[in-house]
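Trainee: Input file: my_file16.txt. Contents: compact mmCIF, C-alpha atoms and all ligand atoms.
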# COMPACT_ATOMS: atom_id res chain seq x y z
CA MET A 237 -47.75 -10.46 -53.56
CA LEU A 238 -48.71 -7.58 -51.26
CA GLN A 239 -46.52 -9.09 -48.56
CA LYS A 240 -43.60 -9.20 -51.05
CA ILE A 241 -44.07 -5.51 -51.99
CA VAL A 242 -44.22 -4.49 -48.31
CA LEU A 243 -41.06 -6.51 -47.53
CA CYS A 244 -39.26 -5.05 -50.55
CA SER A 245 -40.18 -1.47 -49.67
CA LEU A 246 -39.06 -2.07 -46.07
CA ALA A 247 -35.71 -3.42 -47.32
CA CYS A 248 -35.30 -0.44 -49.68
CA SER A 249 -36.06 2.04 -46.88
CA LEU A 250 -33.52 0.32 -44.63
CA THR A 251 -30.90 0.48 -47.41
CA ILE A 252 -31.54 4.20 -47.97
CA LEU A 253 -31.44 4.80 -44.20
CA SER A 254 -28.15 2.96 -43.76
CA PHE A 255 -26.64 4.86 -46.75
CA ALA A 256 -27.74 8.16 -45.21
CA GLN A 257 -26.26 7.15 -41.86
CA LYS A 258 -22.93 5.99 -43.32
CA LYS A 259 -20.18 8.52 -42.73
CA GLN A 260 -18.99 10.39 -45.80
CA PRO A 261 -15.47 11.71 -46.43
CA ILE A 262 -15.09 15.41 -45.58
CA SER A 263 -12.96 15.97 -48.69
CA GLN A 264 -12.37 14.43 -52.10
CA PRO A 265 -9.13 13.18 -53.71
CA LEU A 266 -7.13 16.04 -55.26
CA VAL A 267 -6.31 13.90 -58.30
CA SER A 268 -7.64 10.58 -59.53
CA HIS A 269 -5.56 9.86 -62.67
CA ILE A 270 -2.67 8.55 -60.52
CA PHE A 271 -2.46 7.28 -56.94
CA THR A 272 -0.71 9.66 -54.56
CA ALA A 273 0.14 9.58 -50.84
CA ASP A 274 2.20 11.18 -48.04
CA PRO A 275 1.58 14.77 -49.25
CA SER A 276 4.20 17.32 -48.19
CA ALA A 277 2.72 20.70 -49.08
CA HIS A 278 4.54 24.04 -49.35
CA VAL A 279 3.75 27.50 -50.66
CA PHE A 280 6.46 28.75 -53.01
CA ASN A 281 6.02 32.15 -54.68
CA GLY A 282 2.33 32.22 -53.71
CA ARG A 283 1.52 28.85 -55.36
CA ILE A 284 0.76 25.63 -53.48
CA TYR A 285 3.06 22.71 -54.36
CA ILE A 286 2.46 19.16 -53.14
CA TYR A 287 5.29 16.62 -53.02
CA PRO A 288 3.59 13.22 -52.62
CA SER A 289 4.62 9.61 -52.97
CA HIS A 290 3.42 8.14 -56.28
CA ASP A 291 1.69 4.85 -55.44
CA ILE A 292 1.58 2.09 -58.03
CA GLU A 293 0.36 -1.48 -58.27
CA ALA A 294 3.70 -3.31 -58.23
CA GLY A 295 2.08 -6.71 -57.69
CA ILE A 296 3.98 -7.35 -54.47
CA LYS A 297 2.16 -9.18 -51.69
CA GLU A 298 1.28 -7.00 -48.67
CA ASN A 299 3.45 -7.52 -45.56
CA ASP A 300 4.34 -5.70 -42.31
CA LEU A 301 7.58 -4.39 -43.82
CA GLY A 302 5.66 -2.51 -46.51
CA ASP A 303 7.25 -4.29 -49.47
CA HIS A 304 4.03 -3.65 -51.41
CA PHE A 305 4.85 0.09 -51.39
CA ASP A 306 7.30 -0.23 -54.29
CA MET A 307 7.19 3.24 -55.79
CA GLN A 308 9.39 4.17 -58.78
CA ASP A 309 9.14 7.95 -59.19
CA TYR A 310 7.72 11.22 -57.92
CA HIS A 311 5.27 13.63 -59.51
CA VAL A 312 4.78 17.17 -58.18
CA LEU A 313 1.24 18.56 -57.98
CA SER A 314 0.37 22.24 -57.74
CA MET A 315 -2.59 24.59 -57.47
CA ASP A 316 -3.03 28.32 -57.19
CA SER A 317 -5.50 28.09 -54.32
CA ILE A 318 -7.19 25.51 -52.11
CA GLY A 319 -10.08 24.15 -54.18
CA GLY A 320 -8.44 25.38 -57.41
CA LYS A 321 -7.46 23.26 -60.43
CA VAL A 322 -4.70 20.77 -59.61
CA THR A 323 -1.85 20.44 -62.11
CA ASP A 324 0.27 17.28 -62.32
CA HIS A 325 3.73 18.37 -63.50
CA GLY A 326 4.78 14.86 -64.53
CA VAL A 327 7.84 12.93 -63.38
CA ALA A 328 10.06 15.10 -61.18
CA LEU A 329 12.52 12.38 -60.17
CA ASP A 330 12.82 8.79 -61.38
CA LYS A 331 14.45 5.93 -59.46
CA LYS A 332 16.53 5.07 -62.52
CA ASP A 333 18.31 8.44 -62.21
CA ILE A 334 19.43 7.84 -58.60
CA PRO A 335 22.84 6.11 -58.87
CA TRP A 336 22.71 4.44 -55.44
CA ALA A 337 19.03 3.43 -55.51
CA GLY A 338 17.75 -0.02 -54.68
CA ARG A 339 13.99 0.02 -54.21
CA GLN A 340 10.98 1.84 -52.72
CA LEU A 341 10.80 5.61 -53.14
CA TRP A 342 8.81 6.56 -50.05
CA ALA A 343 7.50 9.84 -48.61
CA PRO A 344 9.47 12.93 -49.79
CA ASP A 345 9.64 16.56 -48.73
CA ALA A 346 10.92 19.76 -50.37
CA ALA A 347 12.45 23.12 -49.51
CA TYR A 348 13.57 26.31 -51.24
CA LYS A 349 16.68 28.37 -50.55
CA ASN A 350 18.56 30.99 -52.59
CA GLY A 351 17.07 30.14 -55.99
CA VAL A 352 17.32 26.34 -55.56
CA TYR A 353 14.57 23.81 -54.78
CA TYR A 354 15.60 20.76 -52.77
CA LEU A 355 13.78 17.42 -52.81
CA TYR A 356 14.53 15.05 -49.92
CA PHE A 357 13.61 11.43 -50.53
CA PRO A 358 14.01 8.06 -48.79
CA ILE A 359 14.84 4.95 -50.77
CA LYS A 360 16.54 1.66 -49.95
CA ASP A 361 20.12 1.49 -51.21
CA LYS A 362 21.51 -1.52 -53.05
CA GLN A 363 22.07 -3.25 -49.67
CA ASP A 364 18.35 -2.79 -48.90
CA ILE A 365 19.03 -0.16 -46.21
CA PHE A 366 16.81 2.92 -46.25
CA ARG A 367 18.84 6.14 -46.73
CA ILE A 368 17.80 9.71 -47.46
CA GLY A 369 18.85 11.41 -50.66
CA VAL A 370 18.66 15.01 -51.81
CA ALA A 371 18.08 16.29 -55.34
CA THR A 372 18.02 19.85 -56.65
CA SER A 373 16.28 21.87 -59.32
CA LYS A 374 15.85 25.49 -60.37
CA SER A 375 12.10 24.83 -60.56
CA PRO A 376 9.70 23.70 -57.81
CA THR A 377 8.35 21.08 -60.21
CA GLY A 378 11.71 19.64 -61.21
CA PRO A 379 13.18 17.74 -62.90
CA PHE A 380 15.36 17.20 -59.82
CA LYS A 381 18.96 16.06 -60.13
CA PRO A 382 20.00 13.74 -57.30
CA GLU A 383 23.36 13.98 -55.56
CA PRO A 384 25.54 10.96 -56.42
CA LEU A 385 25.36 9.53 -52.87
CA PRO A 386 22.81 9.50 -50.04
CA MET A 387 23.18 12.19 -47.37
CA ALA A 388 26.04 11.05 -45.13
CA GLY A 389 24.76 9.85 -41.75
CA SER A 390 21.16 9.50 -43.00
CA TYR A 391 19.02 6.43 -42.48
CA SER A 392 15.38 5.32 -42.24
CA ILE A 393 12.47 7.15 -43.93
CA ASP A 394 10.06 10.09 -44.10
CA PRO A 395 12.31 13.18 -44.22
CA CYS A 396 10.69 16.49 -43.27
CA VAL A 397 12.69 19.67 -43.77
CA PHE A 398 11.93 22.69 -41.61
CA GLN A 399 13.43 26.15 -42.15
CA ASP A 400 13.45 28.14 -38.96
CA PRO A 401 12.98 31.93 -39.10
CA SER A 402 16.50 32.09 -37.59
CA GLY A 403 17.80 30.85 -40.97
CA LYS A 404 18.74 27.38 -39.73
CA ALA A 405 17.26 24.32 -41.44
CA TYR A 406 16.56 20.96 -39.83
CA LEU A 407 15.77 17.53 -41.19
CA TYR A 408 13.42 15.34 -39.13
CA PHE A 409 13.12 11.69 -40.10
CA GLY A 410 12.49 8.11 -39.08
CA GLY A 411 9.94 5.35 -39.20
CA ILE A 412 9.76 2.01 -37.40
CA TRP A 413 8.88 -1.47 -38.72
CA GLY A 414 9.54 -1.36 -42.52
CA GLY A 415 11.14 2.08 -42.09
CA GLN A 416 14.03 0.35 -40.23
CA LEU A 417 14.48 2.99 -37.47
CA GLN A 418 14.69 0.17 -34.89
CA HIS A 419 17.97 -0.88 -36.55
CA TRP A 420 19.66 2.41 -35.53
CA ASN A 421 20.55 2.89 -31.88
CA GLY A 422 23.13 5.47 -30.83
CA GLY A 423 23.84 6.14 -34.53
CA LYS A 424 25.01 2.55 -35.08
CA HIS A 425 23.43 0.17 -37.56
CA ASP A 426 22.35 -3.26 -36.33
CA PRO A 427 19.99 -4.97 -38.79
CA THR A 428 19.25 -7.62 -36.17
CA ALA A 429 18.01 -5.09 -33.57
CA ALA A 430 14.43 -5.89 -32.62
CA LEU A 431 11.48 -3.59 -32.05
CA ARG A 432 11.13 -2.36 -28.46
CA LYS A 433 9.19 -4.50 -26.00
CA PRO A 434 5.95 -3.02 -24.53
CA ASN A 435 7.63 -2.02 -21.23
CA GLU A 436 10.66 -0.40 -22.92
CA THR A 437 10.84 3.30 -23.85
CA ALA A 438 9.55 3.97 -27.35
CA ILE A 439 11.91 4.62 -30.26
CA LEU A 440 12.26 8.36 -30.96
CA PRO A 441 12.28 10.32 -34.25
CA ARG A 442 15.60 11.85 -35.32
CA VAL A 443 16.64 15.40 -36.15
CA ALA A 444 19.75 16.87 -37.73
CA GLU A 445 20.60 20.48 -38.51
CA LEU A 446 21.45 20.94 -42.18
CA THR A 447 24.56 22.67 -43.51
CA ALA A 448 24.14 26.01 -45.32
CA ASP A 449 24.04 24.24 -48.72
CA MET A 450 21.09 22.11 -47.45
CA LYS A 451 22.82 18.91 -48.63
CA SER A 452 24.45 17.48 -45.48
CA PHE A 453 24.00 17.04 -41.77
CA LYS A 454 25.97 19.64 -39.77
CA SER A 455 26.44 17.05 -37.02
CA PRO A 456 25.17 13.51 -36.45
CA ALA A 457 21.38 13.10 -36.13
CA LYS A 458 20.02 13.08 -32.58
CA ASP A 459 16.91 11.71 -30.88
CA LEU A 460 14.03 14.20 -30.76
CA GLN A 461 12.66 14.04 -27.22
CA LEU A 462 8.91 13.43 -27.11
CA LEU A 463 7.40 13.54 -23.63
CA ASP A 464 3.97 12.97 -22.15
CA LYS A 465 2.23 15.74 -20.19
CA ASN A 466 4.00 14.57 -17.00
CA GLY A 467 7.39 15.01 -18.66
CA LYS A 468 7.95 11.27 -19.05
CA PRO A 469 9.03 9.50 -22.24
CA PHE A 470 6.47 7.19 -23.83
CA LEU A 471 6.77 3.44 -23.52
CA GLU A 472 6.32 1.21 -26.55
CA SER A 473 2.99 0.10 -24.99
CA ASN A 474 1.72 3.71 -25.41
CA ASN A 475 1.38 2.93 -29.11
CA ASP A 476 -1.64 5.22 -29.57
CA LYS A 477 0.65 8.18 -28.74
CA ARG A 478 4.28 7.23 -29.41
CA PHE A 479 6.13 8.05 -32.64
CA PHE A 480 5.96 5.59 -35.54
CA GLU A 481 6.60 7.59 -38.80
CA ALA A 482 5.52 10.62 -40.88
CA ALA A 483 7.32 13.47 -39.08
CA TRP A 484 6.16 17.02 -39.79
CA MET A 485 7.23 20.30 -38.22
CA HIS A 486 5.53 23.66 -38.38
CA GLN A 487 5.53 26.83 -36.34
CA TYR A 488 2.44 28.61 -35.01
CA LYS A 489 2.50 31.76 -32.89
CA GLY A 490 6.16 31.25 -31.99
CA LYS A 491 5.77 27.63 -30.82
CA TYR A 492 7.10 24.58 -32.63
CA TYR A 493 4.59 21.83 -33.48
CA PHE A 494 5.96 18.36 -34.16
CA SER A 495 3.33 16.02 -35.61
CA TYR A 496 3.59 12.36 -36.59
CA SER A 497 1.76 9.12 -37.21
CA THR A 498 1.37 6.49 -34.51
CA GLY A 499 1.46 3.85 -37.26
CA ASP A 500 -0.16 0.67 -35.98
CA THR A 501 -2.80 2.74 -34.11
CA HIS A 502 -3.21 5.07 -37.12
CA ASN A 503 -3.47 8.48 -35.37
CA ILE A 504 -1.77 11.69 -36.39
CA CYS A 505 -0.70 13.24 -33.07
CA TYR A 506 1.12 16.43 -32.22
CA ALA A 507 3.46 17.74 -29.57
CA ILE A 508 4.57 21.32 -28.83
CA GLY A 509 8.01 22.68 -27.97
CA ASP A 510 9.92 25.95 -27.59
CA SER A 511 12.82 24.94 -29.84
CA PRO A 512 13.03 23.07 -33.16
CA LEU A 513 15.32 20.62 -31.36
CA GLY A 514 12.78 19.90 -28.64
CA PRO A 515 11.86 18.65 -26.14
CA PHE A 516 8.25 18.31 -27.33
CA THR A 517 5.26 17.72 -25.07
CA TYR A 518 2.45 15.55 -26.34
CA GLN A 519 -0.87 17.39 -26.85
CA GLY A 520 -3.30 15.03 -28.56
CA ILE A 521 -4.66 13.68 -31.84
CA LEU A 522 -5.01 16.08 -34.75
CA LEU A 523 -6.28 13.55 -37.32
CA LYS A 524 -8.15 10.39 -36.40
CA PRO A 525 -7.45 7.19 -38.40
CA VAL A 526 -8.30 7.35 -42.10
CA GLN A 527 -9.40 4.62 -44.48
CA GLY A 528 -6.34 2.45 -45.21
CA TRP A 529 -3.52 1.36 -42.89
CA THR A 530 -1.19 4.37 -43.21
CA ASN A 531 -1.83 7.90 -42.02
CA HIS A 532 0.53 10.63 -43.20
CA HIS A 533 0.09 14.39 -43.43
CA SER A 534 1.53 17.87 -43.71
CA ILE A 535 0.36 21.20 -42.29
CA VAL A 536 0.75 24.47 -44.17
CA GLN A 537 -0.49 28.03 -43.95
CA VAL A 538 -2.09 29.43 -47.10
CA LYS A 539 -2.85 33.14 -46.75
CA ASP A 540 -4.68 33.51 -43.42
CA LYS A 541 -5.84 29.88 -43.06
CA TRP A 542 -4.14 26.63 -42.13
CA TYR A 543 -4.60 23.36 -44.01
CA LEU A 544 -4.00 19.69 -43.36
CA PHE A 545 -2.92 17.64 -46.37
CA TYR A 546 -3.45 13.91 -45.82
CA HIS A 547 -4.37 10.76 -47.71
CA ASP A 548 -6.75 7.85 -47.58
CA THR A 549 -7.72 4.97 -49.87
CA GLN A 550 -11.10 6.27 -51.04
CA LEU A 551 -10.41 5.62 -54.76
CA SER A 552 -9.00 2.10 -54.52
CA GLY A 553 -9.91 0.58 -51.16
CA LYS A 554 -6.34 -0.78 -51.18
CA THR A 555 -3.73 0.05 -48.53
CA HIS A 556 -0.97 0.75 -51.05
CA LEU A 557 -3.01 2.76 -53.60
CA ARG A 558 -3.79 6.03 -51.86
CA ASN A 559 -5.08 9.45 -52.83
CA VAL A 560 -4.10 12.83 -51.37
CA LYS A 561 -6.66 15.24 -49.92
CA VAL A 562 -6.79 18.56 -48.11
CA THR A 563 -9.00 20.03 -45.40
CA GLU A 564 -8.87 23.12 -43.22
CA LEU A 565 -7.09 22.82 -39.86
CA LYS A 566 -8.26 25.01 -36.99
CA TYR A 567 -6.60 26.08 -33.75
CA ASN A 568 -8.27 26.87 -30.47
CA ALA A 569 -7.42 30.14 -28.71
CA ASP A 570 -4.91 28.31 -26.48
CA GLY A 571 -2.96 27.06 -29.52
CA SER A 572 -4.31 23.50 -29.39
CA ILE A 573 -5.44 21.95 -32.69
CA GLN A 574 -9.05 20.90 -33.22
CA THR A 575 -9.14 17.14 -33.90
CA ILE A 576 -10.17 16.29 -37.45
CA GLU A 577 -12.46 13.35 -38.24
CA ALA A 578 -12.02 12.64 -41.95
CA TYR A 579 -15.51 11.08 -42.20
CA GLN A 580 -18.71 12.60 -40.86
O1 LIG B 1 4.40 5.68 -48.59
C1 LIG B 1 5.22 4.73 -47.97
C2 LIG B 1 5.18 4.88 -46.49
O2 LIG B 1 3.85 4.70 -46.03
C3 LIG B 1 5.56 6.23 -45.97
O3 LIG B 1 6.92 6.49 -46.03
C4 LIG B 1 4.98 6.13 -44.61
O4 LIG B 1 4.92 7.34 -43.90
C5 LIG B 1 3.62 5.57 -44.91
O5 LIG B 1 2.71 6.54 -45.30
Rewrite the structure from the file as structure tokens, please.

Mentor:
Amino acid sequence: MLQKIVLCSLACSLTILSFAQKKQPISQPLVSHIFTADPSAHVFNGRIYIYPSHDIEAGIKENDLGDHFDMQDYHVLSMDSIGGKVTDHGVALDKKDIPWAGRQLWAPDAAYKNGVYYLYFPIKDKQDIFRIGVATSKSPTGPFKPEPLPMAGSYSIDPCVFQDPSGKAYLYFGGIWGGQLQHWNGGKHDPTAALRKPNETAILPRVAELTADMKSFKSPAKDLQLLDKNGKPFLESNNDKRFFEAAWMHQYKGKYYFSYSTGDTHNICYAIGDSPLGPFTYQGILLKPVQGWTNHHSIVQVKDKWYLFYHDTQLSGKTHLRNVKVTELKYNADGSIQTIEAYQ
């Protein structure tokens, strides 16, 4: 009996010890009544607005093309301050209202110009080719009215819109594997084009300047040059550093910061340049892998601090049912970003 009690108390102590040693998330989901992912955050009129994907259980088997991410609509979230109450403003755009839509509403982004809010969204068209659409509203929370056709010359996924202090606006986009970027070389579509081989140069993200009405590309999208610290392009085998998806652009102290996910190696990395059109030089990892396969973020200044919005799968433990989070992002004096570990 005594032996049993001793064994039991030893087992209990070990359990408590291992619980205490297990890393805990540094931040909690912003909402838990719906699943949300890919948060693009902006401050409009002093309020923080988050434009996330709205994850659902569509009952589709998981595969490398991401068919299980079969989202149907977007909700906009907002809060007056970091840590403040989060409001879900309901459906801002529904797939059924997009005339050209096929399936899979993936990561969106938003912008404001001259009294109009713009929502940029990727979805497969009726031929199952990812295109980028734009929808407008007088309110940051929608409802957004989509243009009747996708943006001409757009393809692939994960649009990020960046408005330069010069007044120009740029759309960054692209994602490999299920995001289909490998099908677009030199602006031409070839659905049979394969992924790059390990010794080939890595596929690059795309950028296009937007027209003044924010609804079209001024000229065809171009490759965004991403170079290592020796000025060389990455090879596909550098898959812990090369671009995969989740483009984001922000400016800090006059420099342009392009950040992105490395996809199959799950890092969020960043690169710095002197122009929104690049070239960009790789700097390092800003967010280490999170729970779940995907890693996707945005970076925004709120008053005098900077924040990283990101997601993980804390609430569900399932790759396709994610929850958005926020944590502070800090720079070093030389402009480098302090790497964030989402669990400590
Ligand atoms: O949410 C669907 C896709 O997963 C996004 O477009 C990718 O960036 C990844 O997060």

Trainee: Which of these residues is nearest to ligand LIG 1 (chain B), using only C-alpha atoms and all ligand atoms: A:Tyr493, A:Tyr356, A:Tyr391, A:Trp529?

Mentor: A:Trp529

Trainee: Would you list the contacts of segment 305-314 of chain A as a list in words, taking every protein, DNA or RNA residue within 8 Å and counting all atoms listed in the file, but skipping same-chain residues closer than 5 positions in sequence?

Mentor: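 In the requested form, the answer reads Arg283, Ile284, Tyr285, Ile286, Tyr287, Pro288, Ser289, His290, Asp291, Ile292, Ala294, Ile296, Val322, Thr323, Asp324, His325, Gly326, Val327, Ala328, Leu329, Asp330, Lys331, Arg339, Gln340, Leu341, Trp342, Thr377, Gly378 and His556 of chain A.
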
Trainee: List as a PyMOL selection string the protein and nucleic acid residues lying within 6 Å of ligand LIG 1 (chain B), with all atoms listed in the file counted.

Mentor: chain A and resi 274+289+305+342-343+393-394+481-482+530-532

Trainee: Taking only C-alpha atoms into account, name the residue in A:Lys454, A:His419, A:Arg367, A:Arg442 that is nearest to Ala483 of chain A.

Mentor: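 Ranked by minimum distance to Ala483 of chain A, first place goes to A:Arg442.
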
Trainee: Which one is closest to Phe453 of chain A: A:Tyr406, A:Phe380, A:Phe398, A:Trp336? Count only C-alpha atoms.

Mentor: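 Of all the options, A:Tyr406 lies closest to Phe453 of chain A.
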
Trainee: With 12 Å as the cut-off and only C-alpha atoms counted, what is the closest atom pair between each nearby residue of segment 259-331 of chain A and segment 512-527 of chain A? Distances in Å to one decimal, ordered by chain and number, as a Markdown table.

Mentor:
| residue | atom | partner | partner_atom | distance |
| --- | --- | --- | --- | --- |
| A:Lys259 | CA | A:Gln527 | CA | 11.6 |
| A:Gln260 | CA | A:Gln527 | CA | 11.3 |
| A:Pro261 | CA | A:Val526 | CA | 9.4 |
| A:Ile262 | CA | A:Val526 | CA | 11.1 |
| A:Ser263 | CA | A:Val526 | CA | 11.8 |

Trainee: Can you tell me which residues surround Gly282 of chain A at a distance of at most 9 Å, considering all atoms listed in the file, apart from same-chain residues fewer than 3 positions away, and format the answer as an MDAnalysis selection string?

Mentor: chainID A and resid 279 316:317 538:539

Trainee: Considering only C-alpha atoms, return as an NGL selection string whatever protein or nucleic-acid residues lie within 7 Å of segment 381-385 of chain A, sequence-local ones (same chain, fewer than 6 positions apart) excluded.

Mentor: :A and (334-336 or 370-373)

Trainee: Which of these residues is nearest to Asn568 of chain A, using all atoms listed in the file: A:Asp540, A:Tyr488, A:Ala430, A:Lys424?

Mentor: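 Between A:Asp540, A:Tyr488, A:Ala430, A:Lys424, the residue approaching Asn568 of chain A most closely is A:Tyr488.
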